[in-house]
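Trainee: I'm passing along model_15.cif; it holds mmCIF, C-alpha atoms and all ligand atoms.
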data_upload
#
loop_
_atom_site.group_PDB
_atom_site.id
_atom_site.type_symbol
_atom_site.label_atom_id
_atom_site.label_comp_id
_atom_site.auth_asym_id
_atom_site.auth_seq_id
_atom_site.Cartn_x
_atom_site.Cartn_y
_atom_site.Cartn_z
ATOM 1 C CA MET A 12 -4.729 11.479 -12.272
ATOM 2 C CA PHE A 13 -7.802 11.810 -14.518
ATOM 3 C CA SER A 14 -8.185 11.618 -18.306
ATOM 4 C CA ILE A 15 -11.042 13.652 -19.757
ATOM 5 C CA TYR A 16 -12.407 12.598 -23.161
ATOM 6 C CA ARG A 17 -14.769 14.870 -25.098
ATOM 7 C CA THR A 18 -17.346 13.351 -27.453
ATOM 8 C CA GLU A 19 -20.540 14.526 -29.123
ATOM 9 C CA ALA A 20 -22.390 12.805 -26.221
ATOM 10 C CA GLY A 21 -20.527 14.770 -23.516
ATOM 11 C CA TYR A 22 -17.504 14.252 -21.306
ATOM 12 C CA THR A 23 -16.171 10.928 -20.084
ATOM 13 C CA ILE A 24 -13.716 11.003 -17.191
ATOM 14 C CA GLU A 25 -11.405 8.043 -16.679
ATOM 15 C CA LYS A 26 -9.520 7.188 -13.502
ATOM 16 C CA ASP A 27 -7.548 3.965 -13.036
ATOM 17 C CA SER A 28 -9.363 2.394 -16.035
ATOM 18 C CA SER A 29 -12.879 3.075 -14.726
ATOM 19 C CA CYS A 30 -14.976 5.634 -16.539
ATOM 20 C CA VAL A 31 -17.933 7.847 -15.798
ATOM 21 C CA LEU A 32 -20.112 9.984 -18.020
ATOM 22 C CA ALA A 33 -19.836 13.398 -16.340
ATOM 23 C CA GLY A 34 -23.131 15.096 -17.219
ATOM 24 C CA ASP A 35 -22.417 18.429 -15.503
ATOM 25 C CA PHE A 36 -18.771 18.708 -16.471
ATOM 26 C CA CYS A 37 -17.846 21.956 -18.238
ATOM 27 C CA LEU A 38 -14.444 22.611 -19.795
ATOM 28 C CA ASP A 39 -14.658 26.393 -19.269
ATOM 29 C CA THR A 40 -15.426 25.810 -15.575
ATOM 30 C CA LEU A 41 -12.382 23.523 -15.359
ATOM 31 C CA PHE A 42 -10.132 26.188 -16.894
ATOM 32 C CA THR A 43 -11.466 28.924 -14.585
ATOM 33 C CA SER A 44 -11.350 26.808 -11.446
ATOM 34 C CA GLU A 45 -8.753 27.680 -8.796
ATOM 35 C CA ASP A 46 -8.369 23.945 -8.176
ATOM 36 C CA PRO A 47 -8.983 22.068 -11.468
ATOM 37 C CA LEU A 48 -7.981 18.713 -9.948
ATOM 38 C CA LYS A 49 -10.570 19.092 -7.174
ATOM 39 C CA TYR A 50 -13.233 20.139 -9.700
ATOM 40 C CA THR A 51 -12.447 17.044 -11.817
ATOM 41 C CA GLU A 52 -12.556 14.796 -8.734
ATOM 42 C CA ILE A 53 -15.998 16.167 -7.795
ATOM 43 C CA GLN A 54 -17.343 15.758 -11.342
ATOM 44 C CA TYR A 55 -15.956 12.215 -11.458
ATOM 45 C CA GLY A 56 -17.749 11.422 -8.191
ATOM 46 C CA LEU A 57 -21.060 12.738 -9.575
ATOM 47 C CA GLY A 58 -20.768 10.846 -12.883
ATOM 48 C CA GLN A 59 -22.504 7.685 -14.047
ATOM 49 C CA SER A 60 -20.388 4.640 -14.675
ATOM 50 C CA CYS A 61 -19.817 3.930 -18.387
ATOM 51 C CA GLU A 62 -17.497 2.261 -20.891
ATOM 52 C CA LEU A 63 -14.546 4.189 -22.269
ATOM 53 C CA PRO A 64 -15.802 5.535 -25.588
ATOM 54 C CA SER A 65 -13.745 4.447 -28.566
ATOM 55 C CA GLY A 66 -13.159 6.019 -31.961
ATOM 56 C CA ALA A 67 -13.026 9.742 -32.551
ATOM 57 C CA PHE A 68 -12.790 12.357 -29.812
ATOM 58 C CA LEU A 69 -13.375 16.083 -30.063
ATOM 59 C CA ALA A 70 -10.451 18.370 -29.236
ATOM 60 C CA PRO A 71 -10.412 19.179 -25.487
ATOM 61 C CA ILE A 72 -10.998 22.884 -25.992
ATOM 62 C CA SER A 73 -13.901 25.309 -25.540
ATOM 63 C CA SER A 74 -13.337 29.090 -25.167
ATOM 64 C CA GLN A 75 -9.583 28.759 -24.707
ATOM 65 C CA GLU A 76 -6.989 30.250 -27.065
ATOM 66 C CA VAL A 77 -4.202 27.944 -28.163
ATOM 67 C CA TRP A 78 -0.710 29.458 -28.027
ATOM 68 C CA ALA A 79 2.586 27.842 -28.889
ATOM 69 C CA ALA A 80 6.204 28.119 -27.828
ATOM 70 C CA GLY A 81 8.925 27.831 -30.463
ATOM 71 C CA VAL A 82 12.567 26.815 -30.604
ATOM 72 C CA THR A 83 12.472 25.191 -27.178
ATOM 73 C CA TYR A 84 14.392 22.119 -28.398
ATOM 74 C CA TYR A 85 17.830 22.161 -30.049
ATOM 75 C CA ARG A 86 16.488 20.150 -33.008
ATOM 76 C CA SER A 87 13.903 22.856 -33.730
ATOM 77 C CA ARG A 88 16.570 25.590 -33.600
ATOM 78 C CA ASP A 89 18.715 23.648 -36.082
ATOM 79 C CA ALA A 90 15.866 22.925 -38.507
ATOM 80 C CA ARG A 91 14.649 26.542 -38.472
ATOM 81 C CA MET A 92 18.150 27.914 -39.039
ATOM 82 C CA GLU A 93 18.509 25.622 -42.051
ATOM 83 C CA GLU A 94 15.145 26.501 -43.626
ATOM 84 C CA SER A 95 15.620 30.271 -43.216
ATOM 85 C CA GLU A 96 19.321 30.551 -44.130
ATOM 86 C CA SER A 97 18.711 31.907 -47.638
ATOM 87 C CA SER A 98 16.305 34.600 -46.357
ATOM 88 C CA GLY A 99 18.819 35.676 -43.710
ATOM 89 C CA GLY A 100 16.339 34.808 -40.956
ATOM 90 C CA ASP A 101 18.465 32.050 -39.423
ATOM 91 C CA ARG A 102 20.155 34.126 -36.725
ATOM 92 C CA PHE A 103 16.818 34.987 -35.102
ATOM 93 C CA TYR A 104 16.254 31.317 -34.262
ATOM 94 C CA ASP A 105 19.746 30.978 -32.853
ATOM 95 C CA MET A 106 19.220 34.087 -30.708
ATOM 96 C CA VAL A 107 15.805 33.078 -29.350
ATOM 97 C CA TYR A 108 17.024 29.623 -28.309
ATOM 98 C CA ASP A 109 19.474 31.282 -25.877
ATOM 99 C CA ALA A 110 17.453 34.369 -24.954
ATOM 100 C CA GLU A 111 15.709 34.808 -21.621
ATOM 101 C CA ARG A 112 12.408 35.576 -23.391
ATOM 102 C CA PRO A 113 10.927 32.558 -25.195
ATOM 103 C CA GLU A 114 9.236 32.676 -28.569
ATOM 104 C CA LEU A 115 5.468 32.531 -27.964
ATOM 105 C CA PHE A 116 2.924 32.858 -30.719
ATOM 106 C CA PHE A 117 -0.834 32.643 -31.134
ATOM 107 C CA LYS A 118 -1.720 29.292 -32.695
ATOM 108 C CA ALA A 119 -5.431 28.508 -32.825
ATOM 109 C CA THR A 120 -8.959 28.781 -31.543
ATOM 110 C CA ALA A 121 -11.426 25.935 -31.086
ATOM 111 C CA ASN A 122 -12.753 26.264 -34.635
ATOM 112 C CA ARG A 123 -9.261 25.773 -36.098
ATOM 113 C CA SER A 124 -8.514 22.791 -33.845
ATOM 114 C CA ARG A 125 -9.166 19.147 -34.665
ATOM 115 C CA GLY A 126 -9.615 16.191 -32.351
ATOM 116 C CA HIS A 127 -8.437 12.580 -32.453
ATOM 117 C CA LEU A 128 -9.255 10.895 -35.794
ATOM 118 C CA ASP A 129 -10.390 14.162 -37.390
ATOM 119 C CA LYS A 130 -8.508 15.616 -40.379
ATOM 120 C CA VAL A 131 -5.746 18.218 -40.227
ATOM 121 C CA CYS A 132 -4.915 20.468 -43.177
ATOM 122 C CA ILE A 133 -2.015 21.719 -45.227
ATOM 123 C CA ARG A 134 -2.200 25.090 -46.947
ATOM 124 C CA SER A 135 -2.930 25.280 -50.670
ATOM 125 C CA ASP A 136 -0.135 27.885 -51.095
ATOM 126 C CA SER A 137 2.514 25.858 -49.254
ATOM 127 C CA SER A 138 4.981 23.374 -50.768
ATOM 128 C CA TRP A 139 6.711 22.069 -47.626
ATOM 129 C CA ASP A 140 4.606 20.896 -44.688
ATOM 130 C CA VAL A 141 5.236 18.999 -41.481
ATOM 131 C CA PRO A 142 3.453 17.995 -38.294
ATOM 132 C CA GLU A 143 5.037 19.148 -35.040
ATOM 133 C CA PRO A 144 4.414 16.757 -32.127
ATOM 134 C CA GLU A 145 4.182 18.840 -28.961
ATOM 135 C CA LEU A 146 3.346 18.268 -25.334
ATOM 136 C CA THR A 147 0.561 20.792 -24.698
ATOM 137 C CA LEU A 148 -0.170 22.409 -21.341
ATOM 138 C CA ALA A 149 -3.603 23.274 -19.961
ATOM 139 C CA ILE A 150 -3.334 26.478 -17.921
ATOM 140 C CA ASN A 151 -6.138 27.891 -15.774
ATOM 141 C CA SER A 152 -7.191 31.543 -15.765
ATOM 142 C CA SER A 153 -4.791 32.214 -12.865
ATOM 143 C CA GLY A 154 -1.830 30.963 -14.885
ATOM 144 C CA LYS A 155 -1.432 27.602 -13.156
ATOM 145 C CA VAL A 156 -0.452 24.567 -15.274
ATOM 146 C CA PHE A 157 -2.919 21.831 -14.334
ATOM 147 C CA GLY A 158 -3.222 19.497 -17.308
ATOM 148 C CA TYR A 159 -1.639 17.994 -20.373
ATOM 149 C CA THR A 160 -2.634 16.849 -23.831
ATOM 150 C CA VAL A 161 -0.967 15.820 -27.075
ATOM 151 C CA GLY A 162 -0.707 18.570 -29.683
ATOM 152 C CA ASN A 163 0.135 18.786 -33.361
ATOM 153 C CA ASP A 164 1.401 22.218 -34.453
ATOM 154 C CA MET A 165 0.930 21.751 -38.216
ATOM 155 C CA SER A 166 3.391 24.043 -39.983
ATOM 156 C CA SER A 167 4.270 25.291 -43.436
ATOM 157 C CA ARG A 168 8.050 25.287 -43.603
ATOM 158 C CA SER A 169 8.122 26.907 -47.064
ATOM 159 C CA ILE A 170 6.200 29.973 -45.824
ATOM 160 C CA GLU A 171 8.009 30.169 -42.471
ATOM 161 C CA GLY A 172 11.405 29.773 -44.210
ATOM 162 C CA GLU A 173 10.694 32.446 -46.813
ATOM 163 C CA ASN A 174 10.480 35.180 -44.187
ATOM 164 C CA PRO A 175 10.118 34.968 -40.374
ATOM 165 C CA LEU A 176 7.428 37.679 -40.601
ATOM 166 C CA TYR A 177 5.222 35.137 -42.365
ATOM 167 C CA LEU A 178 5.080 32.975 -39.224
ATOM 168 C CA PRO A 179 1.382 33.634 -38.473
ATOM 169 C CA GLN A 180 0.452 32.448 -41.991
ATOM 170 C CA ALA A 181 2.699 29.395 -41.676
ATOM 171 C CA LYS A 182 1.096 28.464 -38.364
ATOM 172 C CA VAL A 183 -2.491 29.706 -38.161
ATOM 173 C CA TYR A 184 -5.000 28.445 -40.696
ATOM 174 C CA ARG A 185 -8.006 26.130 -40.947
ATOM 175 C CA GLY A 186 -7.178 22.722 -39.469
ATOM 176 C CA SER A 187 -3.639 23.745 -38.447
ATOM 177 C CA CYS A 188 -3.943 22.401 -34.915
ATOM 178 C CA ALA A 189 -4.835 19.010 -33.465
ATOM 179 C CA LEU A 190 -5.323 18.233 -29.769
ATOM 180 C CA GLY A 191 -6.191 15.053 -27.890
ATOM 181 C CA PRO A 192 -7.111 12.276 -27.505
ATOM 182 C CA CYS A 193 -7.851 13.436 -23.933
ATOM 183 C CA LEU A 194 -6.910 16.042 -21.365
ATOM 184 C CA VAL A 195 -4.945 14.613 -18.453
ATOM 185 C CA VAL A 196 -5.508 16.445 -15.157
ATOM 186 C CA GLY A 197 -3.047 15.817 -12.354
ATOM 187 C CA SER A 198 0.630 14.972 -12.410
ATOM 188 C CA GLY A 199 2.002 15.348 -15.906
ATOM 189 C CA PRO A 200 4.363 13.201 -17.913
ATOM 190 C CA GLY A 201 7.801 13.102 -16.282
ATOM 191 C CA LYS A 202 10.986 14.369 -17.914
ATOM 192 C CA GLU A 203 11.737 10.845 -19.142
ATOM 193 C CA ALA A 204 8.435 10.583 -21.055
ATOM 194 C CA MET A 205 8.848 9.972 -24.787
ATOM 195 C CA ILE A 206 7.176 12.054 -27.468
ATOM 196 C CA SER A 207 7.017 10.043 -30.671
ATOM 197 C CA VAL A 208 5.599 10.569 -34.125
ATOM 198 C CA LYS A 209 4.935 8.211 -37.003
ATOM 199 C CA ILE A 210 3.728 9.225 -40.466
ATOM 200 C CA SER A 211 2.258 6.540 -42.734
ATOM 201 C CA ARG A 212 1.499 6.806 -46.439
ATOM 202 C CA SER A 213 -0.421 4.071 -48.256
ATOM 203 C CA GLY A 214 0.247 1.718 -45.349
ATOM 204 C CA GLU A 215 4.025 2.372 -45.221
ATOM 205 C CA VAL A 216 5.829 4.345 -42.543
ATOM 206 C CA VAL A 217 7.523 7.270 -44.322
ATOM 207 C CA PHE A 218 8.820 9.040 -41.198
ATOM 208 C CA SER A 219 9.181 8.214 -37.550
ATOM 209 C CA GLY A 220 11.049 9.962 -34.796
ATOM 210 C CA ASN A 221 11.006 10.674 -31.098
ATOM 211 C CA THR A 222 12.419 12.803 -28.345
ATOM 212 C CA GLU A 223 12.285 12.894 -24.568
ATOM 213 C CA VAL A 224 10.537 15.649 -22.615
ATOM 214 C CA SER A 225 13.879 16.153 -20.807
ATOM 215 C CA GLN A 226 15.311 17.678 -24.014
ATOM 216 C CA ILE A 227 13.202 20.829 -23.632
ATOM 217 C CA LYS A 228 15.268 23.933 -22.852
ATOM 218 C CA ARG A 229 12.704 25.702 -20.665
ATOM 219 C CA SER A 230 10.421 24.715 -17.793
ATOM 220 C CA PHE A 231 6.643 24.570 -18.207
ATOM 221 C CA ASP A 232 6.147 27.152 -15.452
ATOM 222 C CA GLU A 233 8.569 29.514 -17.185
ATOM 223 C CA LEU A 234 6.618 29.267 -20.456
ATOM 224 C CA ALA A 235 3.282 29.754 -18.652
ATOM 225 C CA GLU A 236 4.659 32.727 -16.720
ATOM 226 C CA PHE A 237 5.792 34.481 -19.915
ATOM 227 C CA LEU A 238 2.443 33.760 -21.614
ATOM 228 C CA PHE A 239 0.451 35.266 -18.735
ATOM 229 C CA ARG A 240 2.801 38.219 -18.140
ATOM 230 C CA ASP A 241 0.765 41.387 -18.745
ATOM 231 C CA ASN A 242 -1.884 39.317 -20.456
ATOM 232 C CA GLU A 243 -5.292 37.997 -19.499
ATOM 233 C CA PHE A 244 -6.871 34.643 -20.300
ATOM 234 C CA PRO A 245 -10.305 34.737 -18.623
ATOM 235 C CA ASN A 246 -11.015 31.183 -19.824
ATOM 236 C CA GLY A 247 -7.478 29.863 -19.430
ATOM 237 C CA ALA A 248 -5.264 28.748 -22.294
ATOM 238 C CA LEU A 249 -3.614 25.797 -23.983
ATOM 239 C CA LEU A 250 0.101 26.159 -24.652
ATOM 240 C CA MET A 251 2.022 23.919 -27.042
ATOM 241 C CA THR A 252 5.562 23.607 -25.739
ATOM 242 C CA GLY A 253 7.496 23.284 -29.019
ATOM 243 C CA THR A 254 8.764 20.421 -31.095
ATOM 244 C CA GLY A 255 11.856 18.303 -30.634
ATOM 245 C CA VAL A 256 11.195 16.148 -33.707
ATOM 246 C CA VAL A 257 11.533 17.565 -37.213
ATOM 247 C CA PRO A 258 11.695 15.346 -40.332
ATOM 248 C CA ASP A 259 14.669 15.772 -42.672
ATOM 249 C CA SER A 260 14.424 18.646 -45.151
ATOM 250 C CA ASP A 261 13.419 16.412 -48.078
ATOM 251 C CA PHE A 262 10.202 15.326 -46.322
ATOM 252 C CA THR A 263 6.838 16.962 -46.879
ATOM 253 C CA LEU A 264 3.327 15.813 -45.957
ATOM 254 C CA SER A 265 0.790 14.762 -48.593
ATOM 255 C CA SER A 266 -2.966 14.509 -48.548
ATOM 256 C CA GLY A 267 -3.980 11.110 -47.132
ATOM 257 C CA ASP A 268 -0.953 10.777 -44.829
ATOM 258 C CA LEU A 269 -1.718 9.424 -41.360
ATOM 259 C CA ILE A 270 0.009 11.231 -38.496
ATOM 260 C CA SER A 271 0.214 9.433 -35.174
ATOM 261 C CA ILE A 272 1.675 11.251 -32.163
ATOM 262 C CA SER A 273 2.120 9.517 -28.799
ATOM 263 C CA ILE A 274 3.220 10.911 -25.464
ATOM 264 C CA ASP A 275 3.842 8.553 -22.546
ATOM 265 C CA GLY A 276 1.231 9.049 -19.846
ATOM 266 C CA ILE A 277 -1.274 10.796 -22.114
ATOM 267 C CA GLY A 278 -2.066 8.717 -25.198
ATOM 268 C CA THR A 279 -2.005 8.770 -28.992
ATOM 269 C CA LEU A 280 -3.415 11.476 -31.231
ATOM 270 C CA GLU A 281 -4.085 10.322 -34.778
ATOM 271 C CA ASN A 282 -5.068 12.500 -37.721
ATOM 272 C CA GLU A 283 -5.261 12.117 -41.464
ATOM 273 C CA VAL A 284 -4.118 14.960 -43.694
ATOM 274 C CA GLU A 285 -7.124 16.331 -45.627
HETATM 275 O O1 LIG B 301 9.815 29.787 -34.827
HETATM 276 C C1 LIG B 301 9.066 29.113 -35.425
HETATM 277 C C2 LIG B 301 8.179 28.090 -34.879
HETATM 278 C C3 LIG B 301 8.851 27.164 -33.923
HETATM 279 C C4 LIG B 301 7.989 26.039 -33.485
HETATM 280 O O2 LIG B 301 6.813 25.952 -33.771
HETATM 281 C C5 LIG B 301 8.585 24.975 -32.667
HETATM 282 O O3 LIG B 301 9.775 25.037 -32.331
HETATM 283 O O4 LIG B 301 7.865 24.033 -32.327
HETATM 284 MG MG MG B 302 5.877 24.091 -33.058
#
Could I get this structure in the form of structure tokens?
Mentor:
Amino acid sequence: MFSIYRTEAGYTIEKDSSCVLAGDFCLDTLFTSEDPLKYTEIQYGLGQSCELPSGAFLAPISSQEVWAAGVTYYRSRDARMEESESSGGDRFYDMVYDAERPELFFKATANRSRGHLDKVCIRSDSSWDVPEPELTLAINSSGKVFGYTVGNDMSSRSIEGENPLYLPQAKVYRGSCALGPCLVVGSGPGKEAMISVKISRSGEVVFSGNTEVSQIKRSFDELAEFLFRDNEFPNGALLMTGTGVVPDSDFTLSSGDLISISIDGIGTLENEVE
């Protein structure tokens, strides 16, 4: 298993706590490779030994689109039904949780994505905002899941709850997506891995919660198969797999909040709200 960190100075690949600076490594080549693990192994072998860089990391994304799955955890279904009850949109969330076809939506491009220790944003026309901690899959151009990262699907619940047709505005905007701290290539986090989130405000924890990957309703391969069905991703894709942790309805993010999302086997993604 390899962890790939992206910095302004290039890519560092870590394996069993030893790191190399991989001068020739290219993220687009990784995502178009038929065997991304082999490609990473070769690049690791060619690299120059170095220290693990600390501090901020760039999001592990290049030409890939970021997509997201929704209502894949029971907690997400419940929260969405509650927020959209007055608009009459609640039954759609109930239906999609049980349907064969998952909810998949376009989420971000590289320019809308933030890395570890960068800032994420809330919309100026939104009054109710949350982070969504999500295990995120790296999928190559052939549709094979080969890697994993931590994702934050920043969401406006006021806009999403007003009308389900507003979903793209609730989900896709400047700084609405965070990814990192690294991309893990190889065996992913097991079903028992914990996904946890902590939100701090002025040094105090104002929300914390967690879930286990086992609580997801659908398999990763099933989500990837639906995403690639009758679609083409020449540079591969990143797919957020949905949230299983939603703060209570009286919680909203504020500027300056620190969001920390950890997934066992990957690491911790930390972002301040702009
Ligand atoms: O259906 C709205 C979005 C759902 C979502 O983002 C999630 O469940 O994580
Ligand atoms: Mg989400």
Trainee: Let me know the residues the PyMOL selection byres (((not hetatm)) within 9 of (chain B and resi 302)) catches in the file above, as a list in words.
Mentor: Ala79, Ala80, Gly81, Val82, Thr83, Ser87, Pro142, Glu143, Pro144, Glu145, Asn163, Asp164, Met165, Ser166, Lys182, Met251, Thr252, Gly253, Thr254 and Gly255 of chain A
Trainee: Rank nothing, just name the residue among A:Thr279, A:Thr120, A:Ser207, A:Ser95 nearest to ligand LIG 301 (chain B), using all atoms listed in the file.
Mentor: A:Ser95
Trainee: Which of these, A:Ile133, A:Val208, A:Leu234, A:Ile170, has the shortest distance to Arg185 of chain A once you count all atoms listed in the file?
Mentor: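 Under the stated criterion, the closest residue is A:Ile133.
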Trainee: Place a sphere of radius 8 Å on (0.9, 12.4, -15.4) in the file coordinates and name every protein, DNA or RNA residue with an atom inside or on its surface, counting only C-alpha atoms; give the answer as a list in words.
Mentor: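 Counting only C-alpha atoms, I find these residues within 8 Å of (0.9, 12.4, -15.4): Met12, Tyr159, Val195, Val196, Gly197, Ser198, Gly199, Pro200, Gly201, Gly276 and Ile277 of chain A.
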Trainee: Report the distance between atom CA of Pro245 of chain A and atom CA of Thr18 of chain A in Å, rounded to one decimal place.
Mentor: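 These atoms are spaced 24.2 Å apart.
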Trainee: Quick one: axis-aligned box around all listed atoms of ligand LIG 301 (chain B), 4 Å on every side, centre and edge lengths in Å to one decimal, written as JSON.
Mentor:
{"center_x": 8.3, "center_y": 26.9, "center_z": -33.9, "size_x": 11.0, "size_y": 13.8, "size_z": 11.1}
Trainee: Can you tell me, as a list in words, what residues are no more than 12 Å from Gln180 of chain A when counting all atoms listed in the file, ignoring any on the same chain fewer than 6 positions away?
Mentor: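 Once the nearby chain positions are removed, what remains is Phe116, Phe117, Lys118, Ala119, Ile133, Arg134, Ser135, Asp136, Ser137, Met165, Ser166, Ser167, Arg168, Ser169, Ile170, Glu171, Gly172, Glu173, Asn174 and Ser187 of chain A.
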Trainee: Any chance you could export the current selection's C-alpha atoms as a compact mmCIF listing (two decimals), keeping the file's coordinate frame?
Mentor:
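Below is the file result_17.txt, written as the result:
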# COMPACT_ATOMS: atom_id res chain seq x y z
CA PHE A 116 2.92 32.86 -30.72
CA PHE A 117 -0.83 32.64 -31.13
CA LYS A 118 -1.72 29.29 -32.70
CA ALA A 119 -5.43 28.51 -32.83
CA ILE A 133 -2.02 21.72 -45.23
CA ARG A 134 -2.20 25.09 -46.95
CA SER A 135 -2.93 25.28 -50.67
CA ASP A 136 -0.14 27.88 -51.10
CA SER A 137 2.51 25.86 -49.25
CA MET A 165 0.93 21.75 -38.22
CA SER A 166 3.39 24.04 -39.98
CA SER A 167 4.27 25.29 -43.44
CA ARG A 168 8.05 25.29 -43.60
CA SER A 169 8.12 26.91 -47.06
CA ILE A 170 6.20 29.97 -45.82
CA GLU A 171 8.01 30.17 -42.47
CA GLY A 172 11.40 29.77 -44.21
CA GLU A 173 10.69 32.45 -46.81
CA ASN A 174 10.48 35.18 -44.19
CA SER A 187 -3.64 23.74 -38.45
Trainee: So which one's closest to ligand LIG 301 (chain B), A:Pro113, A:Gly191, A:Gly247, A:Gly154? Using only C-alpha atoms and all ligand atoms, please.
Mentor: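 Of A:Pro113, A:Gly191, A:Gly247, A:Gly154, the one nearest ligand LIG 301 (chain B) is A:Pro113, counting only C-alpha atoms and all ligand atoms.
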Trainee: With distances taken over all atoms listed in the file, which residue among A:Leu190, A:Val224, A:Val216, A:Leu69 lies nearest Asp268 of chain A?
Mentor: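 The answer is A:Val216, which sits nearest to Asp268 of chain A.
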Trainee: Quick one: residues within 12 Å of Asp261 of chain A, all atoms listed in the file counted, chain neighbours fewer than 4 positions away excluded, as JSON, numbers by chain?
Mentor: {"A": [90, 94, 138, 139, 140, 141, 168, 169, 217, 218, 257]}
Trainee: With distances taken over all atoms listed in the file, which residue among A:Thr147, A:Ser153, A:Ser124, A:Ser14 lies nearest ligand LIG 301 (chain B)?
Mentor: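 When distances to ligand LIG 301 (chain B) are compared using all atoms listed in the file, the smallest one comes from A:Thr147.
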Trainee: Extract, using only C-alpha atoms, all DNA, RNA and protein residues at most 10 Å from segment 24-36 of chain A, discarding same-chain residues fewer than 5 positions from it, and format them as a ChimeraX atom specification.
Mentor: /A:12-17,41,50-64,193-195
Trainee: At a cut-off of 10 Å from (4.0, 6.1, -48.0) in the coordinates of the file, what residues are picked up using all atoms listed in the file, written as a ChimeraX atom specification?
Mentor: /A:210-218,264-265,267-269
Trainee: Can I get the selected residues back with C-alpha atoms, as a short mmCIF file (atom, residue, chain, number, x, y, z; two decimals), keeping the file's coordinate frame?
Mentor:
data_model
loop_
_atom_site.label_atom_id
_atom_site.label_comp_id
_atom_site.auth_asym_id
_atom_site.auth_seq_id
_atom_site.Cartn_x
_atom_site.Cartn_y
_atom_site.Cartn_z
CA ILE A 210 3.73 9.22 -40.47
CA SER A 211 2.26 6.54 -42.73
CA ARG A 212 1.50 6.81 -46.44
CA SER A 213 -0.42 4.07 -48.26
CA GLY A 214 0.25 1.72 -45.35
CA GLU A 215 4.03 2.37 -45.22
CA VAL A 216 5.83 4.34 -42.54
CA VAL A 217 7.52 7.27 -44.32
CA PHE A 218 8.82 9.04 -41.20
CA LEU A 264 3.33 15.81 -45.96
CA SER A 265 0.79 14.76 -48.59
CA GLY A 267 -3.98 11.11 -47.13
CA ASP A 268 -0.95 10.78 -44.83
CA LEU A 269 -1.72 9.42 -41.36
#
Trainee: Which residues are near Val156 of chain A? Cut-off 9 Å, only C-alpha atoms, ignore same chain within fewer than 4 positions. Put them as an MDAnalysis selection string.
Mentor: chainID A and resid 148:151 231:232 235
Trainee: Pick out the closest residue to ligand LIG 301 (chain B) from this set: A:Glu19, A:Tyr177, A:Asp109, A:Gly66. Count all atoms listed in the file.
Mentor: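 Result for the nearest residue to ligand LIG 301 (chain B): A:Tyr177.
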Trainee: Work out how far apart atom CA of Gln226 of chain A and atom C3 of ligand LIG 301 (chain B) are and give it in Å to one decimal.
Mentor: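 Computing it gives 15.2 Å between the two atoms.
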Trainee: Work out how far atom CA of Cys132 of chain A is from atom CA of Gly220 of chain A, in Å to one decimal.
Mentor: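 Spanning atom CA of Gly220 of chain A to atom CA of Cys132 of chain A is a straight-line distance of 20.9 Å.
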